[in-house]
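Shown next: final.txt, containing compact mmCIF, C-alpha atoms.
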# COMPACT_ATOMS: atom_id res chain seq x y z
CA MET A 2 -80.72 -121.80 141.57
CA ALA A 3 -81.12 -125.49 142.33
CA VAL A 4 -82.00 -128.40 140.07
CA LEU A 5 -85.65 -129.28 139.58
CA SER A 6 -87.41 -131.38 142.17
CA GLU A 7 -87.98 -135.09 141.74
CA GLY A 8 -91.62 -134.33 141.07
CA ASP A 9 -90.82 -131.83 138.33
CA ARG A 10 -88.35 -134.17 136.68
CA ALA A 11 -90.94 -136.94 136.78
CA LEU A 12 -93.43 -134.56 135.17
CA ILE A 13 -90.99 -133.80 132.36
CA HIS A 14 -90.27 -137.50 131.95
CA LYS A 15 -93.96 -138.28 131.68
CA ALA A 16 -94.72 -135.41 129.30
CA PHE A 17 -91.77 -136.17 127.03
CA MET A 18 -92.90 -139.75 126.61
CA ALA A 19 -96.57 -138.85 126.26
CA LYS A 20 -95.79 -136.40 123.46
CA GLY A 21 -94.10 -139.17 121.49
CA HIS A 22 -90.60 -137.71 121.40
CA CYS A 23 -88.77 -140.88 122.39
CA ALA A 24 -86.20 -142.55 120.16
CA PRO A 25 -87.32 -146.10 119.33
CA SER A 26 -84.45 -147.79 121.17
CA ASN A 27 -84.78 -145.80 124.39
CA LEU A 28 -86.37 -147.34 127.46
CA LYS A 29 -88.11 -145.35 130.21
CA ALA A 30 -84.93 -145.32 132.28
CA ASP A 31 -82.92 -143.94 129.37
CA ILE A 32 -85.32 -141.03 128.98
CA ARG A 33 -85.29 -140.32 132.70
CA ALA A 34 -81.51 -140.28 132.80
CA ALA A 35 -81.56 -137.78 129.96
CA VAL A 36 -84.05 -135.57 131.80
CA ASN A 37 -81.78 -135.56 134.82
CA ALA A 38 -78.74 -134.75 132.72
CA ALA A 39 -80.49 -131.96 130.84
CA ASP A 40 -81.69 -130.33 134.02
CA ASP A 41 -78.28 -130.71 135.61
CA TRP A 42 -76.74 -129.00 132.58
CA VAL A 43 -79.23 -126.13 132.76
CA ASP A 44 -78.47 -125.67 136.43
CA THR A 45 -74.73 -125.78 135.88
CA ASN A 46 -74.84 -123.28 133.02
CA ALA A 47 -77.55 -120.94 134.28
CA ALA A 48 -75.06 -118.28 135.32
CA SER A 49 -73.23 -118.50 132.01
CA PHE A 50 -76.51 -118.12 130.11
CA ASN A 51 -77.42 -115.09 132.19
CA THR A 52 -74.05 -113.50 131.48
CA ALA A 53 -74.59 -113.98 127.76
CA LEU A 54 -77.84 -112.02 127.74
CA PRO A 55 -77.81 -108.38 126.69
CA ALA A 56 -77.97 -105.98 129.63
CA ALA A 57 -81.36 -104.47 128.86
CA PHE A 58 -83.09 -107.84 128.95
CA LYS A 59 -80.89 -109.30 131.65
CA ASN A 60 -81.56 -106.47 134.06
CA ALA A 61 -85.30 -106.32 133.40
CA ALA A 62 -86.41 -109.91 132.98
CA SER A 63 -87.16 -112.32 135.79
CA ALA A 64 -85.50 -115.71 136.08
CA SER A 65 -88.72 -117.27 134.82
CA GLN A 66 -88.78 -115.07 131.73
CA LYS A 67 -85.16 -115.91 130.97
CA ALA A 68 -85.96 -119.62 131.27
CA ILE A 69 -88.93 -119.22 128.91
CA LEU A 70 -86.72 -117.41 126.40
CA LEU A 71 -84.26 -120.26 126.39
CA ALA A 72 -87.11 -122.76 126.13
CA PHE A 73 -88.63 -120.92 123.14
CA CYS A 74 -85.30 -120.93 121.34
CA CYS A 75 -84.89 -124.65 121.95
CA LEU A 76 -88.47 -125.48 120.96
CA ARG A 77 -88.14 -123.61 117.69
CA ARG A 78 -84.84 -125.36 116.99
CA ALA A 79 -86.78 -128.59 117.39
CA GLY A 80 -89.24 -127.42 114.76
CA ILE A 81 -92.10 -126.90 117.16
CA ASN A 82 -94.49 -124.06 116.38
CA LEU A 83 -94.92 -121.45 119.07
CA MET B 27 -113.67 -179.87 123.19
CA ALA B 28 -113.19 -176.58 121.39
CA THR B 29 -111.87 -173.12 122.16
CA THR B 30 -114.39 -170.34 122.02
CA LYS B 31 -112.93 -167.05 120.80
CA LEU B 32 -114.58 -163.71 121.36
CA ALA B 33 -113.26 -160.49 119.83
CA LEU B 34 -113.57 -157.39 122.02
CA SER B 35 -113.34 -154.29 119.86
CA ILE B 36 -111.96 -150.92 120.76
CA GLU B 37 -115.25 -149.29 119.86
CA SER B 38 -117.17 -151.34 122.45
CA ALA B 39 -114.81 -150.56 125.35
CA GLY B 40 -115.74 -148.15 128.09
CA PRO B 41 -114.25 -146.28 131.03
CA ILE B 42 -113.57 -147.68 134.51
CA PRO B 43 -114.51 -145.71 137.64
CA SER B 44 -111.52 -144.00 139.23
CA VAL B 45 -109.13 -145.21 136.50
CA THR B 46 -107.69 -142.88 133.88
CA LEU B 47 -109.11 -143.56 130.44
CA PRO B 48 -106.43 -143.77 127.75
CA GLU B 49 -106.68 -141.45 124.77
CA LEU B 50 -108.33 -142.81 121.63
CA LYS B 51 -106.04 -142.59 118.61
CA SER B 52 -107.02 -142.68 114.98
CA ALA B 53 -104.13 -143.23 112.61
CA GLY B 54 -103.33 -144.53 109.16
CA SER B 55 -102.96 -143.21 105.63
CA ALA B 56 -105.02 -145.77 103.70
CA VAL B 57 -106.76 -147.72 106.45
CA THR B 58 -107.97 -146.08 109.66
CA VAL B 59 -106.47 -147.80 112.67
CA LEU B 60 -108.20 -147.13 115.98
CA SER B 61 -106.38 -147.79 119.22
CA TYR B 62 -106.31 -146.77 122.84
CA SER B 63 -103.03 -145.09 123.84
CA PHE B 64 -101.92 -146.54 127.16
CA ASP B 65 -99.54 -144.11 128.82
CA SER B 66 -96.09 -145.15 130.04
CA ALA B 67 -96.20 -143.10 133.23
CA THR B 68 -99.81 -143.45 134.40
CA THR B 69 -101.84 -146.60 134.97
CA GLU B 70 -104.74 -146.41 132.51
CA GLY B 71 -107.49 -148.88 131.78
CA ILE B 72 -110.63 -149.78 129.85
CA GLN B 73 -113.37 -152.31 130.35
CA TRP B 74 -115.92 -154.28 128.39
CA GLN B 75 -119.39 -155.34 129.52
CA LEU B 76 -120.49 -158.72 128.14
CA PRO B 77 -124.22 -159.25 128.78
CA ALA B 78 -123.74 -163.02 128.60
CA LEU B 79 -120.63 -165.14 128.23
CA LEU B 80 -121.82 -167.89 125.90
CA SER B 81 -120.48 -171.38 125.30
CA TYR B 82 -118.32 -171.24 128.43
CA GLY B 83 -117.52 -174.70 129.72
CA SER B 84 -114.78 -174.48 132.30
CA GLY B 85 -111.25 -173.38 132.98
CA ASN B 86 -109.21 -170.21 132.82
CA LEU B 87 -109.82 -167.36 130.44
CA THR B 88 -107.06 -166.30 128.09
CA VAL B 89 -107.14 -162.59 127.42
CA LYS B 90 -105.02 -161.71 124.39
CA CYS B 91 -104.05 -158.07 124.04
CA ARG B 92 -103.17 -157.00 120.50
CA TRP B 93 -101.06 -153.88 120.56
CA TYR B 94 -98.20 -151.93 119.07
CA ALA B 95 -95.72 -149.41 120.43
CA ASP B 96 -96.30 -145.78 119.53
CA THR B 97 -92.62 -144.81 119.44
CA ALA B 98 -90.48 -147.68 120.75
CA THR B 99 -88.96 -150.74 119.15
CA THR B 100 -87.80 -152.24 122.41
CA GLY B 101 -88.97 -152.69 125.97
CA GLY B 102 -91.78 -154.34 127.88
CA VAL B 103 -95.38 -153.42 128.68
CA ALA B 104 -97.12 -154.93 131.71
CA TRP B 105 -100.70 -155.75 130.77
CA GLY B 106 -103.16 -156.59 133.53
CA ALA B 107 -106.39 -158.47 132.88
CA THR B 108 -109.20 -159.27 135.27
CA ILE B 109 -112.91 -159.96 135.30
CA GLU B 110 -115.99 -159.47 137.41
CA VAL B 111 -118.88 -161.93 137.12
CA VAL B 112 -122.55 -161.53 137.97
CA THR B 113 -125.11 -164.31 137.71
CA PRO B 114 -128.77 -163.34 137.24
CA ALA B 115 -130.55 -163.61 140.60
CA ASP B 116 -127.31 -163.03 142.55
CA ALA B 117 -127.95 -161.07 145.73
CA LEU B 118 -125.86 -158.21 144.45
CA ASN B 119 -126.50 -154.51 143.93
CA MET B 120 -125.49 -154.07 140.27
CA GLU B 121 -124.51 -150.45 140.77
CA THR B 122 -122.40 -150.82 143.90
CA GLY B 123 -121.62 -154.50 144.24
CA PRO B 124 -119.36 -155.52 141.36
CA ALA B 125 -115.64 -155.48 142.18
CA TRP B 126 -112.67 -156.65 140.20
CA ASN B 127 -111.07 -159.99 140.97
CA THR B 128 -107.36 -160.73 141.20
CA GLU B 129 -105.54 -159.32 138.21
CA ALA B 130 -103.41 -161.47 135.92
CA LEU B 131 -100.28 -159.57 134.89
CA THR B 132 -98.16 -160.41 131.84
CA THR B 133 -95.32 -158.46 130.28
CA GLY B 134 -95.27 -158.23 126.52
CA THR B 135 -92.34 -157.07 124.42
CA ALA B 136 -92.54 -154.37 121.80
CA SER B 137 -91.95 -155.36 118.20
CA GLY B 138 -88.59 -154.52 116.66
CA THR B 139 -90.56 -153.15 113.72
CA ALA B 140 -91.82 -149.60 114.10
CA HIS B 141 -95.54 -149.79 114.96
CA GLY B 142 -95.34 -153.58 114.65
CA LEU B 143 -98.35 -155.49 116.03
CA VAL B 144 -97.77 -158.00 118.81
CA GLU B 145 -100.03 -160.13 120.98
CA THR B 146 -99.65 -160.59 124.73
CA SER B 147 -101.66 -163.26 126.54
CA CYS B 148 -102.87 -162.94 130.11
CA THR B 149 -104.25 -166.04 131.84
CA VAL B 150 -107.12 -165.07 134.10
CA SER B 151 -107.54 -167.76 136.76
CA SER B 152 -109.48 -165.75 139.33
CA LEU B 153 -112.87 -166.61 137.86
CA ASP B 154 -115.34 -165.59 140.55
CA SER B 155 -117.39 -168.81 140.10
CA LEU B 156 -117.94 -168.09 136.42
CA THR B 157 -120.64 -170.17 134.72
CA ASN B 158 -122.05 -170.21 131.21
CA GLY B 159 -124.33 -167.26 130.46
CA ASP B 160 -123.06 -164.99 133.25
CA VAL B 161 -122.67 -161.24 132.85
CA VAL B 162 -118.93 -160.68 132.61
CA PHE B 163 -116.98 -157.46 132.88
CA VAL B 164 -113.44 -157.55 131.48
CA ARG B 165 -110.81 -154.99 132.49
CA ILE B 166 -107.49 -154.29 130.78
CA ARG B 167 -104.87 -152.02 132.33
CA ARG B 168 -101.30 -151.07 131.62
CA LYS B 169 -99.43 -151.29 134.91
CA HIS B 170 -96.89 -148.60 134.20
CA ASP B 171 -95.21 -149.02 137.59
CA ASP B 172 -94.60 -152.75 137.27
CA ALA B 173 -90.92 -153.67 137.15
CA GLY B 174 -91.39 -155.26 133.73
CA ASP B 175 -92.96 -152.15 132.20
CA ASP B 176 -89.91 -150.35 130.88
CA MET B 177 -91.04 -149.44 127.38
CA SER B 178 -91.01 -145.71 126.71
CA GLY B 179 -94.01 -144.10 125.09
CA ASP B 180 -97.57 -145.27 124.64
CA ALA B 181 -98.79 -148.79 124.00
CA GLN B 182 -101.54 -148.74 121.38
CA LEU B 183 -104.19 -151.40 122.11
CA VAL B 184 -106.10 -152.27 118.94
CA GLY B 185 -108.30 -154.96 120.45
CA VAL B 186 -108.60 -157.98 122.70
CA VAL B 187 -109.43 -161.62 122.01
CA LEU B 188 -111.03 -163.59 124.83
CA GLU B 189 -110.54 -167.37 124.65
CA TYR B 190 -111.97 -170.18 126.78
CA SER B 191 -112.94 -173.82 126.60
CA ASP B 192 -116.51 -174.80 125.74
CA THR B 193 -116.31 -177.99 127.87

Please express the file's structure as structure tokens.
Amino acid sequence: MAVLSEGDRALIHKAFMAKGHCAPSNLKADIRAAVNAADDWVDTNAASFNTALPAAFKNAASASQKAILLAFCCLRRAGINL
Amino acid sequence: MATTKLALSIESAGPIPSVTLPELKSAGSAVTVLSYSFDSATTEGIQWQLPALLSYGSGNLTVKCRWYADTATTGGVAWGATIEVVTPADALNMETGPAWNTEALTTGTASGTAHGLVETSCTVSSLDSLTNGDVVFVRIRRKHDDAGDDMSGDAQLVGVVLEYSDT
């Protein structure tokens, strides 16, 4: 699996700022660099995440469903209601 | 010689054709603060329609944007101000003719205080032969893609003050 496209990263950048999640001292470029780093990390560790999943889910779920699972866990850790 | 000052409220602003309208925000715990939320990744704008600009003498218009940062305490916002002028009896189709003049762009810096109010002045010198009593349209935009616009998050515009000389 490859990293997200420039367009997708820009979309994340825009949405993150629009939702008001930025730290006060961060500029636009700081947020964008973080988006790139986060996506790079996800791409680098995708195989490791897949390995960690229990077999029943791992063998049945699509890549999209696995990504949503990870996203839901992260969102809830951030205190966001699902 | 005196300076005429005209306050343009958020409530009297309207949309601009083909320009994204910023979201209207209502905030505050004791006093309601209304503002337009100008996005950091999309150029958004609003306009005012003044049926007659009174006591205008001559010279440039100073358009003062009063705003605060939604989340940031650092960084710049590029505010663009421009006008369009129509004189009664002009040979102009009011529904298709008006077009914006050259925009004046100024970068303002966010306050170091969270949600701190600042004022950024744009000097509008492209006046389209403005004379006293003309119909004047005023446009404000955040030019998110300007090099000086590096502030993350929304810029909350709470109002505009228009200043000009009466002589």

Practice item. Please measure the separation of atom CA of Arg10 of chain A and atom CA of Ala67 of chain B, giving the value in Å to one decimal. Key: 12.4 Å

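Taking atom CA of Gly159 of chain B and atom CA of Pro77 of chain B as the two end points, the separation is 8.2 Å.
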
Review point. Which polymer residues have any atom within 7 Å of an atom of Val111 of chain B, counting all atoms listed in the file, with same-chain residues fewer than 4 positions away left out, as a list in words?
Key: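 Result of the neighbour search: Asp154, Leu156, Asp160, Val161, Val162 and Phe163 of chain B.
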
Practice item. Please provide as a list in words all residues within 9 Å of Thr46 of chain B, with the sequence filter that same-chain residues fewer than 6 positions apart are discarded (counting all atoms listed in the file). Key: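 Counting all atoms listed in the file, the residues come to Thr68, Thr69, Glu70, Gly71 and Ile72 of chain B.
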
For those residues, write C-alpha atoms to a file as a PDB file, in the frame of the given file.
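Output (result09.pdb):
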ATOM      1  CA  THR B  68     -99.810-143.450 134.400  1.00  0.00           C
ATOM      2  CA  THR B  69    -101.840-146.600 134.970  1.00  0.00           C
ATOM      3  CA  GLU B  70    -104.740-146.410 132.510  1.00  0.00           C
ATOM      4  CA  GLY B  71    -107.490-148.880 131.780  1.00  0.00           C
ATOM      5  CA  ILE B  72    -110.630-149.780 129.850  1.00  0.00           C
TER       6      ILE B  72
END

Practice item. Return as a ChimeraX atom specification the residues belonging to chain A that are within 8 Å of chain B, counting only C-alpha atoms. Key: /A:15,18-19,21-30,32

Review point. Which distance in Å separates atom CA of Asn51 of chain A and atom CA of Asn37 of chain A, to one decimal?
Key: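 Straight-line distance from atom CA of Asn51 of chain A to atom CA of Asn37 of chain A works out to 21.1 Å.
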
Exercise for review: Find the residues with any atom within 10 Å of (-116.0, -173.7, 129.7); use all atoms listed in the file and the coordinates as given in the file, and write the answer as a list of chain:residue names.
Suggested key: B:Met27, B:Ala28, B:Thr29, B:Thr30, B:Leu79, B:Leu80, B:Ser81, B:Tyr82, B:Gly83, B:Ser84, B:Gly85, B:Asn86, B:Leu87, B:Leu156, B:Thr157, B:Asn158, B:Glu189, B:Tyr190, B:Ser191, B:Asp192, B:Thr193

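Residues in contact with Ser147 of chain B at 10 Å, where all atoms listed in the file are counted and same-chain residues fewer than 4 positions away are skipped, are listed as B:Leu87, B:Thr88, B:Val89, B:Lys90, B:Cys91, B:Arg92, B:Trp105, B:Gly106, B:Ala107, B:Ala130, B:Leu131, B:Thr132, B:Thr133, B:Gly134, B:Val186, B:Val187, B:Leu188, B:Glu189.
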
Point to revise | Long-range neighbours of Ala68 of chain A as a PyMOL selection string, 12 Å cut-off, only C-alpha atoms, 3 positions minimum in chain | key: chain A and resi 2+40+43-44+46-48+50-51+54+59+62-65+71-75

Practice item. List the residues sitting within 10 Å of (-114.7, -155.1, 128.8) in the file's frame, using all atoms listed in the file, as a ChimeraX atom specification. Key: /B:34-36,38-42,71-76,107-110,162-166,186

Can you rebuild segment 14-41 of chain A with N, CA and C atoms and give it as a PDB file, keeping the file's coordinate frame?
ATOM      1  N   HIS A  14     -90.423-136.124 132.446  1.00  0.00           N
ATOM      2  CA  HIS A  14     -90.270-137.500 131.950  1.00  0.00           C
ATOM      3  C   HIS A  14     -91.586-137.994 131.357  1.00  0.00           C
ATOM      4  N   LYS A  15     -92.646-137.826 132.112  1.00  0.00           N
ATOM      5  CA  LYS A  15     -93.960-138.280 131.680  1.00  0.00           C
ATOM      6  C   LYS A  15     -94.409-137.539 130.423  1.00  0.00           C
ATOM      7  N   ALA A  16     -94.251-136.217 130.426  1.00  0.00           N
ATOM      8  CA  ALA A  16     -94.720-135.410 129.300  1.00  0.00           C
ATOM      9  C   ALA A  16     -93.915-135.708 128.036  1.00  0.00           C
ATOM     10  N   PHE A  17     -92.630-135.887 128.188  1.00  0.00           N
ATOM     11  CA  PHE A  17     -91.770-136.170 127.030  1.00  0.00           C
ATOM     12  C   PHE A  17     -92.204-137.469 126.366  1.00  0.00           C
ATOM     13  N   MET A  18     -92.462-138.468 127.170  1.00  0.00           N
ATOM     14  CA  MET A  18     -92.900-139.750 126.610  1.00  0.00           C
ATOM     15  C   MET A  18     -94.296-139.653 126.025  1.00  0.00           C
ATOM     16  N   ALA A  19     -95.183-138.949 126.711  1.00  0.00           N
ATOM     17  CA  ALA A  19     -96.570-138.850 126.260  1.00  0.00           C
ATOM     18  C   ALA A  19     -96.680-138.102 124.932  1.00  0.00           C
ATOM     19  N   LYS A  20     -95.765-137.168 124.703  1.00  0.00           N
ATOM     20  CA  LYS A  20     -95.790-136.400 123.460  1.00  0.00           C
ATOM     21  C   LYS A  20     -95.159-137.145 122.307  1.00  0.00           C
ATOM     22  N   GLY A  21     -94.635-138.342 122.563  1.00  0.00           N
ATOM     23  CA  GLY A  21     -94.100-139.170 121.490  1.00  0.00           C
ATOM     24  C   GLY A  21     -92.751-138.744 120.973  1.00  0.00           C
ATOM     25  N   HIS A  22     -91.905-138.190 121.840  1.00  0.00           N
ATOM     26  CA  HIS A  22     -90.600-137.710 121.400  1.00  0.00           C
ATOM     27  C   HIS A  22     -89.483-138.731 121.579  1.00  0.00           C
ATOM     28  N   CYS A  23     -89.814-139.918 122.051  1.00  0.00           N
ATOM     29  CA  CYS A  23     -88.770-140.880 122.390  1.00  0.00           C
ATOM     30  C   CYS A  23     -88.160-141.525 121.154  1.00  0.00           C
ATOM     31  N   ALA A  24     -86.851-141.759 121.199  1.00  0.00           N
ATOM     32  CA  ALA A  24     -86.200-142.550 120.160  1.00  0.00           C
ATOM     33  C   ALA A  24     -86.616-144.004 120.340  1.00  0.00           C
ATOM     34  N   PRO A  25     -86.783-144.739 119.245  1.00  0.00           N
ATOM     35  CA  PRO A  25     -87.320-146.100 119.330  1.00  0.00           C
ATOM     36  C   PRO A  25     -86.551-147.036 120.259  1.00  0.00           C
ATOM     37  N   SER A  26     -85.246-146.844 120.391  1.00  0.00           N
ATOM     38  CA  SER A  26     -84.450-147.790 121.170  1.00  0.00           C
ATOM     39  C   SER A  26     -84.316-147.386 122.635  1.00  0.00           C
ATOM     40  N   ASN A  27     -84.895-146.269 123.010  1.00  0.00           N
ATOM     41  CA  ASN A  27     -84.780-145.800 124.390  1.00  0.00           C
ATOM     42  C   ASN A  27     -85.851-146.391 125.284  1.00  0.00           C
ATOM     43  N   LEU A  28     -85.446-146.886 126.444  1.00  0.00           N
ATOM     44  CA  LEU A  28     -86.370-147.340 127.460  1.00  0.00           C
ATOM     45  C   LEU A  28     -86.721-146.166 128.380  1.00  0.00           C
ATOM     46  N   LYS A  29     -87.702-146.404 129.274  1.00  0.00           N
ATOM     47  CA  LYS A  29     -88.110-145.350 130.210  1.00  0.00           C
ATOM     48  C   LYS A  29     -86.907-144.817 130.996  1.00  0.00           C
ATOM     49  N   ALA A  30     -86.067-145.721 131.464  1.00  0.00           N
ATOM     50  CA  ALA A  30     -84.930-145.320 132.280  1.00  0.00           C
ATOM     51  C   ALA A  30     -83.952-144.452 131.501  1.00  0.00           C
ATOM     52  N   ASP A  31     -83.825-144.729 130.216  1.00  0.00           N
ATOM     53  CA  ASP A  31     -82.920-143.940 129.370  1.00  0.00           C
ATOM     54  C   ASP A  31     -83.426-142.497 129.277  1.00  0.00           C
ATOM     55  N   ILE A  32     -84.734-142.361 129.103  1.00  0.00           N
ATOM     56  CA  ILE A  32     -85.320-141.030 128.980  1.00  0.00           C
ATOM     57  C   ILE A  32     -85.151-140.269 130.297  1.00  0.00           C
ATOM     58  N   ARG A  33     -85.393-140.968 131.391  1.00  0.00           N
ATOM     59  CA  ARG A  33     -85.290-140.320 132.700  1.00  0.00           C
ATOM     60  C   ARG A  33     -83.873-139.856 132.982  1.00  0.00           C
ATOM     61  N   ALA A  34     -82.914-140.658 132.616  1.00  0.00           N
ATOM     62  CA  ALA A  34     -81.510-140.280 132.800  1.00  0.00           C
ATOM     63  C   ALA A  34     -81.188-139.030 131.986  1.00  0.00           C
ATOM     64  N   ALA A  35     -81.776-138.945 130.809  1.00  0.00           N
ATOM     65  CA  ALA A  35     -81.560-137.780 129.960  1.00  0.00           C
ATOM     66  C   ALA A  35     -82.209-136.535 130.547  1.00  0.00           C
ATOM     67  N   VAL A  36     -83.390-136.707 131.135  1.00  0.00           N
ATOM     68  CA  VAL A  36     -84.050-135.570 131.800  1.00  0.00           C
ATOM     69  C   VAL A  36     -83.162-135.042 132.920  1.00  0.00           C
ATOM     70  N   ASN A  37     -82.652-135.960 133.712  1.00  0.00           N
ATOM     71  CA  ASN A  37     -81.780-135.560 134.820  1.00  0.00           C
ATOM     72  C   ASN A  37     -80.545-134.821 134.309  1.00  0.00           C
ATOM     73  N   ALA A  38     -79.950-135.353 133.258  1.00  0.00           N
ATOM     74  CA  ALA A  38     -78.740-134.750 132.720  1.00  0.00           C
ATOM     75  C   ALA A  38     -79.012-133.370 132.130  1.00  0.00           C
ATOM     76  N   ALA A  39     -80.145-133.251 131.450  1.00  0.00           N
ATOM     77  CA  ALA A  39     -80.490-131.960 130.840  1.00  0.00           C
ATOM     78  C   ALA A  39     -80.717-130.900 131.910  1.00  0.00           C
ATOM     79  N   ASP A  40     -81.429-131.283 132.946  1.00  0.00           N
ATOM     80  CA  ASP A  40     -81.690-130.330 134.020  1.00  0.00           C
ATOM     81  C   ASP A  40     -80.410-129.989 134.780  1.00  0.00           C
ATOM     82  N   ASP A  41     -79.566-130.962 134.951  1.00  0.00           N
ATOM     83  CA  ASP A  41     -78.280-130.710 135.610  1.00  0.00           C
ATOM     84  C   ASP A  41     -77.466-129.713 134.789  1.00  0.00           C
TER      85      ASP A  41
END
